[in-house]
$ cat run17.cif   # mmCIF, C-alpha atoms and all ligand atoms
data_protein
loop_
_atom_site.label_atom_id
_atom_site.label_comp_id
_atom_site.auth_asym_id
_atom_site.auth_seq_id
_atom_site.Cartn_x
_atom_site.Cartn_y
_atom_site.Cartn_z
CA MET A 1 52.76 22.04 -29.24
CA ASN A 2 55.74 21.04 -31.38
CA ILE A 3 59.03 21.12 -29.52
CA LEU A 4 62.65 20.98 -30.68
CA ILE A 5 65.44 20.09 -28.24
CA LEU A 6 69.03 20.71 -29.36
CA GLY A 7 71.76 18.33 -28.16
CA SER A 8 72.77 14.68 -28.07
CA GLY A 9 73.76 13.78 -24.51
CA GLY A 10 72.21 12.17 -21.47
CA ARG A 11 71.03 15.65 -20.51
CA GLU A 12 68.98 15.97 -23.69
CA HIS A 13 67.57 12.44 -23.37
CA ALA A 14 66.43 13.33 -19.84
CA LEU A 15 64.94 16.65 -21.03
CA ALA A 16 63.16 14.85 -23.87
CA TRP A 17 61.83 12.20 -21.49
CA ALA A 18 60.37 14.84 -19.15
CA VAL A 19 58.94 16.96 -22.00
CA LYS A 20 57.35 13.88 -23.53
CA GLN A 21 55.42 13.18 -20.30
CA ASN A 22 53.61 16.50 -20.62
CA PRO A 23 50.27 16.41 -22.49
CA LYS A 24 51.12 19.80 -24.05
CA THR A 25 53.69 18.02 -26.22
CA ASP A 26 52.37 16.99 -29.63
CA ARG A 27 55.50 16.49 -31.67
CA LEU A 28 58.99 16.20 -30.15
CA ILE A 29 62.16 16.40 -32.23
CA VAL A 30 65.67 16.16 -30.81
CA ALA A 31 68.63 17.20 -32.94
CA PRO A 32 70.91 15.37 -33.31
CA GLY A 33 69.77 13.08 -30.44
CA ASN A 34 71.07 9.54 -29.87
CA ALA A 35 69.81 5.95 -29.95
CA GLY A 36 67.93 6.30 -26.66
CA VAL A 37 66.27 9.55 -27.67
CA ALA A 38 65.15 7.90 -30.90
CA GLN A 39 62.97 5.53 -28.85
CA LEU A 40 60.79 8.39 -27.59
CA ALA A 41 61.17 11.25 -30.06
CA GLU A 42 62.01 11.98 -33.66
CA VAL A 43 65.71 12.65 -34.21
CA ALA A 44 66.99 15.00 -36.88
CA ASP A 45 70.33 15.71 -38.45
CA LEU A 46 70.92 19.42 -37.94
CA ASP A 47 73.96 21.64 -37.38
CA ILE A 48 72.98 22.93 -33.95
CA LEU A 49 75.70 25.61 -34.00
CA ASP A 50 74.14 27.23 -37.07
CA GLY A 51 71.39 29.60 -35.91
CA ALA A 52 70.06 30.20 -39.44
CA ALA A 53 69.82 26.44 -40.05
CA VAL A 54 67.97 25.95 -36.74
CA VAL A 55 65.50 28.73 -37.62
CA THR A 56 64.86 27.23 -41.08
CA PHE A 57 64.35 23.79 -39.55
CA CYS A 58 61.84 25.24 -37.07
CA ALA A 59 59.88 26.92 -39.86
CA GLU A 60 59.81 23.73 -41.92
CA ASN A 61 58.62 21.67 -38.96
CA ALA A 62 56.18 24.15 -37.39
CA ILE A 63 58.16 24.22 -34.14
CA ASP A 64 56.54 26.22 -31.32
CA PHE A 65 59.25 25.95 -28.66
CA VAL A 66 63.02 25.45 -28.84
CA ILE A 67 65.01 24.13 -25.86
CA ILE A 68 68.77 24.53 -26.20
CA GLY A 69 70.73 21.90 -24.24
CA PRO A 70 74.51 22.45 -24.56
CA GLU A 71 76.63 25.55 -24.06
CA ALA A 72 78.21 25.68 -27.54
CA PRO A 73 75.03 26.70 -29.44
CA LEU A 74 74.21 29.21 -26.69
CA ALA A 75 77.65 30.81 -26.98
CA ALA A 76 77.27 30.76 -30.77
CA GLY A 77 74.09 32.85 -30.55
CA VAL A 78 71.54 30.20 -31.53
CA ALA A 79 69.06 31.46 -28.91
CA ASP A 80 69.44 35.00 -30.33
CA ALA A 81 68.75 33.74 -33.86
CA CYS A 82 65.67 31.83 -32.70
CA ARG A 83 64.24 34.77 -30.75
CA ALA A 84 64.95 37.17 -33.62
CA ALA A 85 62.85 34.84 -35.79
CA GLY A 86 60.00 35.06 -33.28
CA LEU A 87 60.47 31.56 -31.85
CA LEU A 88 59.72 30.87 -28.22
CA THR A 89 63.13 29.79 -26.91
CA PHE A 90 64.58 28.39 -23.69
CA GLY A 91 68.22 29.42 -23.22
CA PRO A 92 70.23 32.60 -22.76
CA SER A 93 71.47 34.96 -25.46
CA ALA A 94 75.15 34.78 -26.42
CA ALA A 95 75.73 37.95 -24.36
CA ALA A 96 74.16 36.36 -21.27
CA ALA A 97 75.79 32.95 -21.89
CA ARG A 98 79.14 34.70 -21.33
CA LEU A 99 78.53 33.74 -17.71
CA GLU A 100 79.75 30.33 -18.86
CA ALA A 101 81.69 31.24 -21.99
CA SER A 102 84.06 33.65 -20.23
CA LYS A 103 85.45 32.97 -16.77
CA ALA A 104 86.86 36.51 -16.64
CA PHE A 105 83.42 37.95 -17.41
CA THR A 106 81.89 35.98 -14.54
CA LYS A 107 84.51 37.39 -12.18
CA GLU A 108 83.71 40.88 -13.45
CA ILE A 109 80.01 40.29 -12.66
CA CYS A 110 80.86 38.93 -9.20
CA ASP A 111 82.94 42.06 -8.54
CA ALA A 112 80.12 44.31 -9.73
CA CYS A 113 77.52 42.71 -7.45
CA ALA A 114 79.81 41.70 -4.56
CA ALA A 115 78.98 37.99 -4.94
CA PRO A 116 81.24 35.81 -2.77
CA THR A 117 83.78 33.91 -4.90
CA ALA A 118 87.50 33.11 -4.93
CA GLY A 119 90.06 35.90 -5.23
CA TYR A 120 91.58 36.04 -8.72
CA ALA A 121 93.77 37.72 -11.32
CA ARG A 122 93.51 37.80 -15.14
CA PHE A 123 96.40 37.38 -17.59
CA THR A 124 96.89 37.54 -21.33
CA GLU A 125 100.61 36.70 -21.20
CA ALA A 126 102.53 33.82 -19.66
CA ALA A 127 105.35 35.69 -17.87
CA PRO A 128 103.20 37.73 -15.43
CA ALA A 129 100.93 34.71 -14.90
CA ARG A 130 103.96 32.59 -13.97
CA ALA A 131 105.23 35.30 -11.62
CA TYR A 132 101.79 35.51 -9.96
CA ILE A 133 101.78 31.75 -9.36
CA ALA A 134 105.30 31.86 -7.94
CA ALA A 135 104.20 34.59 -5.54
CA LYS A 136 100.95 32.89 -4.53
CA GLY A 137 102.12 29.26 -4.32
CA ALA A 138 99.91 26.16 -4.55
CA PRO A 139 97.26 24.85 -4.41
CA ILE A 140 95.88 27.28 -6.95
CA VAL A 141 93.33 27.11 -9.77
CA VAL A 142 94.16 27.91 -13.40
CA LYS A 143 91.24 28.48 -15.79
CA ALA A 144 91.20 29.06 -19.53
CA ASP A 145 88.86 32.00 -20.02
CA GLY A 146 86.76 30.45 -22.78
CA LEU A 147 84.84 27.23 -23.43
CA ALA A 148 87.15 24.22 -23.40
CA ALA A 149 84.75 21.26 -23.30
CA GLY A 150 85.15 20.84 -19.54
CA LYS A 151 88.96 20.58 -19.76
CA GLY A 152 89.85 24.24 -19.18
CA VAL A 153 89.99 24.21 -15.37
CA ILE A 154 93.11 22.89 -13.66
CA VAL A 155 93.07 22.60 -9.88
CA ALA A 156 96.84 22.58 -9.42
CA LEU A 157 98.05 21.00 -6.20
CA SER A 158 101.65 22.00 -6.89
CA GLU A 159 103.31 25.09 -8.33
CA ALA A 160 104.85 22.97 -11.11
CA GLU A 161 101.39 21.76 -12.15
CA ALA A 162 100.07 25.33 -12.23
CA LEU A 163 103.02 26.52 -14.33
CA ALA A 164 102.56 23.62 -16.74
CA ALA A 165 98.89 24.61 -17.10
CA ILE A 166 99.94 28.18 -17.93
CA ASP A 167 102.36 26.91 -20.57
CA ASP A 168 99.68 24.66 -22.09
CA MET A 169 97.14 27.46 -22.23
CA PHE A 170 99.43 30.06 -23.73
CA SER A 171 100.94 27.57 -26.19
CA GLY A 172 97.54 27.25 -27.84
CA GLU A 173 96.51 23.85 -26.51
CA PHE A 174 93.09 25.28 -25.62
CA GLY A 175 92.77 27.34 -28.81
CA ALA A 176 91.12 30.73 -28.45
CA ALA A 177 89.74 29.67 -25.05
CA GLY A 178 93.26 29.94 -23.59
CA ALA A 179 94.09 33.40 -24.97
CA GLU A 180 93.19 34.79 -21.55
CA VAL A 181 93.73 32.94 -18.28
CA VAL A 182 92.08 33.46 -14.90
CA ILE A 183 94.08 32.34 -11.86
CA GLU A 184 92.00 31.83 -8.75
CA ASP A 185 92.62 31.13 -5.10
CA PHE A 186 91.98 27.50 -4.18
CA MET A 187 88.73 27.16 -2.23
CA THR A 188 88.16 24.46 0.35
CA GLY A 189 84.76 22.98 1.18
CA GLU A 190 82.20 20.74 -0.52
CA GLU A 191 81.07 21.44 -4.07
CA ALA A 192 77.44 21.20 -5.18
CA SER A 193 75.27 22.28 -8.09
CA PHE A 194 72.34 24.67 -7.72
CA PHE A 195 69.87 25.10 -10.58
CA VAL A 196 67.77 28.23 -10.90
CA LEU A 197 65.39 29.18 -13.70
CA THR A 198 65.19 32.87 -14.51
CA ASP A 199 63.24 34.87 -17.07
CA GLY A 200 65.59 37.81 -16.56
CA ILE A 201 63.63 39.27 -13.66
CA SER A 202 62.13 36.49 -11.53
CA ALA A 203 64.07 33.47 -10.35
CA LEU A 204 62.91 30.02 -9.29
CA PRO A 205 65.26 27.43 -7.77
CA ILE A 206 64.47 24.05 -9.34
CA GLY A 207 66.78 21.71 -7.53
CA THR A 208 70.17 20.77 -6.19
CA ALA A 209 72.55 17.96 -7.08
CA GLN A 210 76.09 16.75 -6.64
CA ASP A 211 78.15 15.01 -9.27
CA HIS A 212 81.28 12.87 -9.18
CA LYS A 213 83.95 14.28 -11.45
CA ARG A 214 86.76 11.76 -10.92
CA VAL A 215 86.80 8.52 -12.87
CA GLY A 216 87.57 6.17 -9.98
CA ASP A 217 85.88 5.02 -6.79
CA GLY A 218 86.68 7.19 -3.78
CA ASP A 219 86.99 10.23 -6.10
CA THR A 220 90.35 9.10 -7.49
CA GLY A 221 91.92 9.29 -10.94
CA PRO A 222 91.55 11.84 -13.70
CA ASN A 223 88.65 14.26 -14.07
CA THR A 224 85.77 13.37 -16.38
CA GLY A 225 82.60 15.02 -17.59
CA GLY A 226 80.91 13.39 -14.57
CA MET A 227 80.56 9.75 -13.55
CA GLY A 228 77.29 10.01 -11.64
CA ALA A 229 75.08 12.36 -9.67
CA TYR A 230 72.34 12.50 -7.10
CA SER A 231 69.64 14.93 -6.08
CA PRO A 232 69.01 16.58 -3.70
CA ALA A 233 72.45 17.61 -2.43
CA PRO A 234 72.26 17.51 1.39
CA VAL A 235 74.99 20.14 1.72
CA LEU A 236 72.72 22.67 -0.01
CA THR A 237 70.39 23.11 2.95
CA GLU A 238 67.47 25.56 2.81
CA ALA A 239 69.63 28.10 4.62
CA VAL A 240 72.57 27.74 2.21
CA GLN A 241 70.21 27.95 -0.78
CA LYS A 242 68.74 31.17 0.61
CA GLN A 243 72.19 32.67 1.15
CA ALA A 244 73.25 31.60 -2.36
CA MET A 245 70.11 33.17 -3.84
CA ASP A 246 70.43 36.40 -1.85
CA GLU A 247 74.17 36.92 -2.24
CA ILE A 248 75.04 35.27 -5.55
CA VAL A 249 72.21 34.35 -7.92
CA LEU A 250 69.77 37.25 -7.51
CA PRO A 251 72.51 39.93 -7.61
CA THR A 252 73.90 38.28 -10.76
CA ILE A 253 70.49 38.29 -12.45
CA ALA A 254 69.98 41.94 -11.48
CA GLU A 255 73.45 42.90 -12.74
CA MET A 256 72.87 41.15 -16.07
CA ALA A 257 69.54 42.98 -16.48
CA ARG A 258 71.15 46.30 -15.50
CA ARG A 259 73.71 45.82 -18.29
CA GLY A 260 70.96 45.31 -20.85
CA THR A 261 71.76 41.62 -21.27
CA PRO A 262 69.08 39.89 -19.15
CA TYR A 263 69.67 36.20 -18.54
CA GLN A 264 66.85 33.86 -19.57
CA GLY A 265 67.11 30.12 -19.09
CA VAL A 266 68.63 27.91 -16.44
CA LEU A 267 71.48 29.36 -14.44
CA TYR A 268 73.57 26.54 -13.03
CA ALA A 269 75.67 27.77 -10.14
CA GLY A 270 78.59 25.57 -9.13
CA LEU A 271 78.99 26.40 -5.44
CA MET A 272 81.65 25.68 -2.81
CA ILE A 273 80.09 25.32 0.62
CA GLU A 274 82.13 25.75 3.75
CA ASN A 275 80.92 26.48 7.28
CA GLY A 276 77.35 26.83 6.04
CA ARG A 277 78.14 29.46 3.41
CA ALA A 278 78.29 29.20 -0.36
CA ARG A 279 80.79 30.85 -2.65
CA LEU A 280 80.58 30.77 -6.44
CA VAL A 281 82.97 28.41 -8.21
CA GLU A 282 81.53 28.96 -11.69
CA TYR A 283 78.34 29.50 -13.64
CA ASN A 284 77.08 27.35 -16.46
CA ALA A 285 74.48 28.68 -18.86
CA ARG A 286 72.72 25.31 -19.26
CA PHE A 287 71.58 22.28 -17.33
CA GLY A 288 74.33 20.05 -15.90
CA ASP A 289 75.17 16.65 -17.30
CA PRO A 290 74.64 14.20 -15.52
CA GLU A 291 72.77 16.35 -12.96
CA THR A 292 69.85 16.88 -15.36
CA GLN A 293 69.23 13.14 -15.44
CA VAL A 294 68.41 13.12 -11.70
CA LEU A 295 66.60 16.47 -11.77
CA MET A 296 64.32 15.44 -14.65
CA LEU A 297 63.47 12.09 -13.11
CA ARG A 298 62.31 13.97 -10.02
CA LEU A 299 60.52 16.80 -11.88
CA GLY A 300 58.83 14.82 -14.66
CA ALA A 301 56.23 16.54 -16.85
CA GLN A 302 56.26 19.84 -14.94
CA ALA A 303 59.75 20.51 -16.31
CA LEU A 304 58.12 21.60 -19.59
CA ASP A 305 55.68 23.94 -17.80
CA LEU A 306 58.59 25.49 -15.91
CA MET A 307 60.70 25.99 -19.03
CA LEU A 308 57.70 27.51 -20.83
CA ALA A 309 57.03 29.88 -17.92
CA CYS A 310 60.69 30.87 -18.07
CA ALA A 311 60.68 31.50 -21.84
CA GLU A 312 57.38 33.41 -21.67
CA GLY A 313 58.45 35.63 -18.77
CA ARG A 314 55.83 34.13 -16.41
CA LEU A 315 58.20 32.69 -13.83
CA ALA A 316 56.86 34.88 -11.03
CA GLU A 317 53.66 32.80 -11.08
CA ALA A 318 55.39 29.39 -11.40
CA GLN A 319 56.17 26.93 -8.66
CA VAL A 320 57.87 23.54 -8.36
CA ASN A 321 55.94 20.61 -6.92
CA TRP A 322 58.62 18.43 -5.41
CA ALA A 323 58.16 14.84 -4.46
CA ASP A 324 60.04 14.44 -1.21
CA ASP A 325 62.35 11.79 -2.64
CA HIS A 326 65.80 11.20 -4.09
CA ALA A 327 67.28 10.26 -7.45
CA LEU A 328 70.67 8.88 -8.37
CA THR A 329 72.33 8.23 -11.71
CA VAL A 330 75.32 6.01 -12.47
CA VAL A 331 77.27 6.82 -15.63
CA MET A 332 78.49 3.83 -17.60
CA ALA A 333 81.45 4.75 -19.76
CA ALA A 334 83.48 2.98 -22.44
CA ASN A 335 86.58 1.18 -21.12
CA GLY A 336 89.52 3.60 -21.25
CA TYR A 337 87.45 6.77 -20.75
CA PRO A 338 88.46 9.58 -20.09
CA GLY A 339 91.51 8.46 -22.11
CA PRO A 340 91.28 6.80 -25.53
CA TYR A 341 88.40 4.33 -25.85
CA ALA A 342 86.94 2.09 -28.53
CA LYS A 343 83.57 2.69 -30.17
CA GLY A 344 81.19 0.07 -31.52
CA SER A 345 80.90 -2.44 -28.65
CA GLN A 346 77.45 -3.93 -28.27
CA ILE A 347 75.29 -3.24 -25.19
CA ARG A 348 72.81 -5.96 -24.23
CA GLY A 349 70.07 -6.23 -21.64
CA LEU A 350 68.60 -2.74 -21.97
CA GLU A 351 65.24 -4.00 -23.27
CA GLU A 352 64.60 -6.09 -20.16
CA LEU A 353 65.04 -3.16 -17.75
CA PRO A 354 62.04 -1.42 -16.20
CA GLU A 355 61.57 2.07 -17.64
CA ASP A 356 58.94 4.09 -15.80
CA SER A 357 58.64 7.20 -13.66
CA ARG A 358 61.16 5.75 -11.19
CA HIS A 359 63.68 4.00 -13.45
CA MET A 360 65.26 5.27 -16.65
CA VAL A 361 68.37 4.58 -18.65
CA PHE A 362 69.22 7.88 -20.30
CA HIS A 363 71.55 7.44 -23.27
CA ALA A 364 74.54 9.64 -24.02
CA GLY A 365 77.07 8.24 -26.53
CA THR A 366 74.98 5.49 -28.12
CA ALA A 367 74.02 4.60 -31.65
CA GLU A 368 71.81 1.96 -33.21
CA ARG A 369 73.33 -0.69 -35.51
CA ASP A 370 71.29 -3.52 -37.04
CA GLY A 371 68.70 -3.27 -34.27
CA SER A 372 71.31 -3.32 -31.48
CA THR A 373 72.52 -0.52 -29.23
CA ILE A 374 76.23 0.16 -29.55
CA ALA A 375 78.62 2.46 -27.72
CA ALA A 376 79.46 5.56 -29.72
CA GLY A 377 81.12 7.83 -27.19
CA GLY A 378 83.01 8.06 -23.88
CA ARG A 379 80.12 8.48 -21.47
CA VAL A 380 77.50 6.11 -22.83
CA LEU A 381 74.61 5.40 -20.42
CA ASN A 382 73.11 7.13 -17.39
CA VAL A 383 71.39 4.49 -15.30
CA THR A 384 68.95 6.48 -13.16
CA ALA A 385 66.54 5.60 -10.37
CA ARG A 386 64.37 7.31 -7.74
CA GLY A 387 63.83 6.16 -4.19
CA ALA A 388 62.26 7.25 -0.93
CA THR A 389 65.82 7.56 0.38
CA LEU A 390 69.12 8.07 -1.38
CA ALA A 391 70.14 4.55 -0.35
CA ASP A 392 66.98 3.18 -2.05
CA ALA A 393 67.74 5.13 -5.22
CA GLN A 394 71.34 3.91 -5.19
CA LYS A 395 70.28 0.29 -4.74
CA ALA A 396 67.75 0.50 -7.58
CA ALA A 397 70.24 2.17 -9.93
CA TYR A 398 72.96 -0.42 -9.31
CA ALA A 399 70.44 -3.26 -9.72
CA MET A 400 69.82 -1.90 -13.22
CA VAL A 401 73.56 -1.50 -13.87
CA ASP A 402 74.08 -5.14 -12.91
CA ALA A 403 71.44 -6.27 -15.40
CA ILE A 404 73.23 -4.53 -18.29
CA ASP A 405 75.55 -6.79 -20.27
CA TRP A 406 78.30 -4.57 -21.63
CA PRO A 407 81.87 -5.93 -21.34
CA GLY A 408 83.09 -2.82 -23.20
CA GLY A 409 82.05 -0.48 -20.39
CA PHE A 410 82.57 0.28 -16.72
CA CYS A 411 81.16 2.47 -13.97
CA ARG A 412 81.99 3.68 -10.48
CA ARG A 413 80.46 1.57 -7.72
CA ASP A 414 80.22 4.32 -5.11
CA ILE A 415 77.99 7.03 -6.58
CA GLY A 416 76.34 8.88 -3.70
CA TRP A 417 78.99 7.96 -1.11
CA ARG A 418 79.41 11.47 0.22
CA ALA A 419 75.71 11.92 1.00
CA LEU A 420 75.34 8.38 2.33
N1 LIG B 1 78.31 18.03 -14.40
C1 LIG B 1 79.09 19.13 -14.74
C2 LIG B 1 78.62 19.93 -15.88
O1 LIG B 1 77.57 19.68 -16.46
O2 LIG B 1 79.29 20.88 -16.25
#

$ encode --input "run17.cif" --output "structure tokens"
Amino acid sequence: MNILILGSGGREHALAWAVKQNPKTDRLIVAPGNAGVAQLAEVADLDILDGAAVVTFCAENAIDFVIIGPEAPLAAGVADACRAAGLLTFGPSAAAARLEASKAFTKEICDACAAPTAGYARFTEAAPARAYIAAKGAPIVVKADGLAAGKGVIVALSEAEALAAIDDMFSGEFGAAGAEVVIEDFMTGEEASFFVLTDGISALPIGTAQDHKRVGDGDTGPNTGGMGAYSPAPVLTEAVQKQAMDEIVLPTIAEMARRGTPYQGVLYAGLMIENGRARLVEYNARFGDPETQVLMLRLGAQALDLMLACAEGRLAEAQVNWADDHALTVVMAANGYPGPYAKGSQIRGLEELPEDSRHMVFHAGTAERDGSTIAAGGRVLNVTARGATLADAQKAAYAMVDAIDWPGGFCRRDIGWRAL
């Protein structure tokens, strides 16, 4: 079959790598892709936020299956446009993707199905929001309601920080995303990511992971899009996964179906685990990045079968065949990230690295120039390895990192520390 993947990050390189392993795949196109993707698939220049353009592209290229990677095209209704055109599509409708695109909507769903989550209040004006913070005190969490490219959540450790976040949001710094603000109680515990496929009725957990959001070793410094991840997440034990399914994920899926907006795709639940119980931090309507890099290395070719079963409403008959092993990915980022960084520095040594079912360098912000790979973004490479133990996976990933010659980049040296 001919498959189109939308997106350009490490997540989409990992999805493309897994899809490519599957003999069902004849032609694989990734739009817009990156330099790493271009080594295993065709890349195409396409406005992935434009549903009509995606549908036309699919018709011109005889695409049988569309996999939508990032949240922006989902929120823009690209999955709706594809399905309306009769295309088999992996990814939720815009109405269902509100679980990521609106924090207030997610809270509404949690209320409706009694899913455990932090207490909260919603505001459309600064003055009552400021008064609420003054009454509640810190730490407290301030969230822009809408999509803000990962920057819309402020975990404020002081009241002053929370008030500054309110001012930023209502002064337009977050655009339309900040027109409404959700203020949540601060939750303590350990955070982990839980990935569940659903066709709107059935649900199939497909793995757990933990990422490292801070830029510096020891989880210090500013937040980033994620500096590394590993799978599985030990804190998400079988018992916690069952509780999260029973109390959070399955009630959410049922509530979405009851409202006439069934959720189809991957539901990524960010969970806070404390005393053996999970509470919902947030939903994402897509695979995590960099969590997908470790999930795909562990799932391999079956990832396509699972996504097809999801899109075709056959999830009840699907199952995951897990290797009992671990995967870990180290993100290499351009010097300066998450602040200002330079583009264009050359990355050497990638060709000499092993790339097989246990070792992969998934590209994010890369481009090709005169036959060389150059940095073209903040997060640039995801150096990923599997091992019988997490320590083995970590050792293999850092051995690859050490063989990459890129003075323009850096990485954390402690990915996996919490689980190790
Ligand atoms: N790793 C966090 C995210 O994908 O949102």

$ atom_distance --input "run17.cif" --atom1 "atom CA of A:Ala376" --atom2 "atom CA of A:Ile404"
16.5 Å

$ residues_near_ligand --input "run17.cif" --ligand "ligand LIG 1 (chain B)" --cutoff "6 Å" --atoms "only C-alpha atoms and all ligand atoms" --output "PyMOL selection string"
chain A and resi 211+226+288-291

$ closest_residue --input "run17.cif" --among "A:Glu108, A:Asp145, A:Asp199, A:Glu161" --to "A:Ile183" --atoms "all atoms listed in the file"
A:Asp145

$ closest_residue --input "run17.cif" --among "A:Ala101, A:Arg412, A:Lys107, A:Ala118" --to "A:Gly178" --atoms "all atoms listed in the file"
A:Ala101

$ residues_near_point --input "run17.cif" --point "(98.1, 27.4, -10.0)" --cutoff "9 Å" --atoms "only C-alpha atoms" --output "ChimeraX atom specification"
/A:130,132-134,136-142,154-166,183-186

$ closest_atom_pairs --input "run17.cif" --of "stretch 113-170 of chain A" --to "stretch 274-284 of chain A" --cutoff "8 Å" --atoms "all atoms listed in the file" --output "CSV"
residue,atom,partner,partner_atom,distance
A:Ala115,CA,A:Leu280,CA,7.5
A:Pro116,CA,A:Arg279,CA,5.0
A:Thr117,CA,A:Leu280,CA,4.7
A:Ala118,CA,A:Val281,CA,7.3

$ atom_distance --input "run17.cif" --atom1 "atom CA of A:Gln394" --atom2 "atom CA of A:His363"
18.4 Å

$ closest_atom_pairs --input "run17.cif" --of "stretch 155-263 of chain A" --to "stretch 9-23 of chain A" --cutoff "12 Å" --atoms "all atoms listed in the file" --output "JSON lines"
{"residue": "A:Gly225", "atom": "CA", "partner": "A:Gly9", "partner_atom": "CA", "distance": 11.3}
{"residue": "A:Gly226", "atom": "CA", "partner": "A:Gly10", "partner_atom": "CA", "distance": 11.2}
{"residue": "A:Met227", "atom": "CA", "partner": "A:Gly10", "partner_atom": "CA", "distance": 11.8}
{"residue": "A:Gly228", "atom": "CA", "partner": "A:Gly10", "partner_atom": "CA", "distance": 11.3}

$ residues_around --input "run17.cif" --residues "A:Asp47" --least-positions-apart "2" --cutoff "10 Å" --atoms "all atoms listed in the file" --output "list of chain:residue names"
A:Leu6, A:Ala31, A:Pro32, A:Ala44, A:Asp45, A:Leu49, A:Asp50, A:Gly51, A:Ala52, A:Ala53, A:Val54, A:Pro73

$ atom_distance --input "run17.cif" --atom1 "atom CA of A:Ile201" --atom2 "atom CA of A:Ala318"
13.1 Å

$ closest_atom_pairs --input "run17.cif" --of "stretch 267-363 of chain A" --to "stretch 24-30 of chain A" --cutoff "12 Å" --atoms "all atoms listed in the file" --output "tab-separated table"
residue	atom	partner	partner_atom	distance
A:Ala301	CA	A:Lys24	CA	9.4
A:Gln302	CA	A:Lys24	CA	10.5
A:Ala303	CA	A:Lys24	CA	11.6
A:Leu304	CA	A:Lys24	CA	8.5
A:Asp305	CA	A:Lys24	CA	8.8
A:Leu308	CA	A:Lys24	CA	10.6

$ residues_near_point --input "run17.cif" --point "(73.2, 38.7, -12.9)" --cutoff "12 Å" --atoms "only C-alpha atoms" --output "NGL selection string"
:A and (92 or 95-99 or 105-115 or 196 or 198-203 or 245-264 or 267 or 269 or 283 or 285)

$ residues_around --input "run17.cif" --residues "A:Asp392" --least-positions-apart "2" --cutoff "12 Å" --atoms "all atoms listed in the file" --output "list in words"
Tyr230, Asp325, His326, Ala327, Leu328, Arg358, His359, Thr384, Ala385, Arg386, Gly387, Ala388, Thr389, Leu390, Gln394, Lys395, Ala396, Ala397, Tyr398, Ala399, Gly416 and Leu420 of chain A

$ closest_residue --input "run17.cif" --among "A:Leu271, A:Ala176, A:Ala129, A:Ala209" --to "A:Glu191" --atoms "all atoms listed in the file"
A:Leu271

$ closest_residue --input "run17.cif" --among "A:Gly313, A:Pro70, A:Gly7, A:Gly221" --to "A:Leu204" --atoms "only C-alpha atoms"
A:Gly313

$ closest_residue --input "run17.cif" --among "A:Lys242, A:Leu297, A:Lys213, A:Pro234" --to "A:Asp356" --atoms "all atoms listed in the file"
A:Leu297
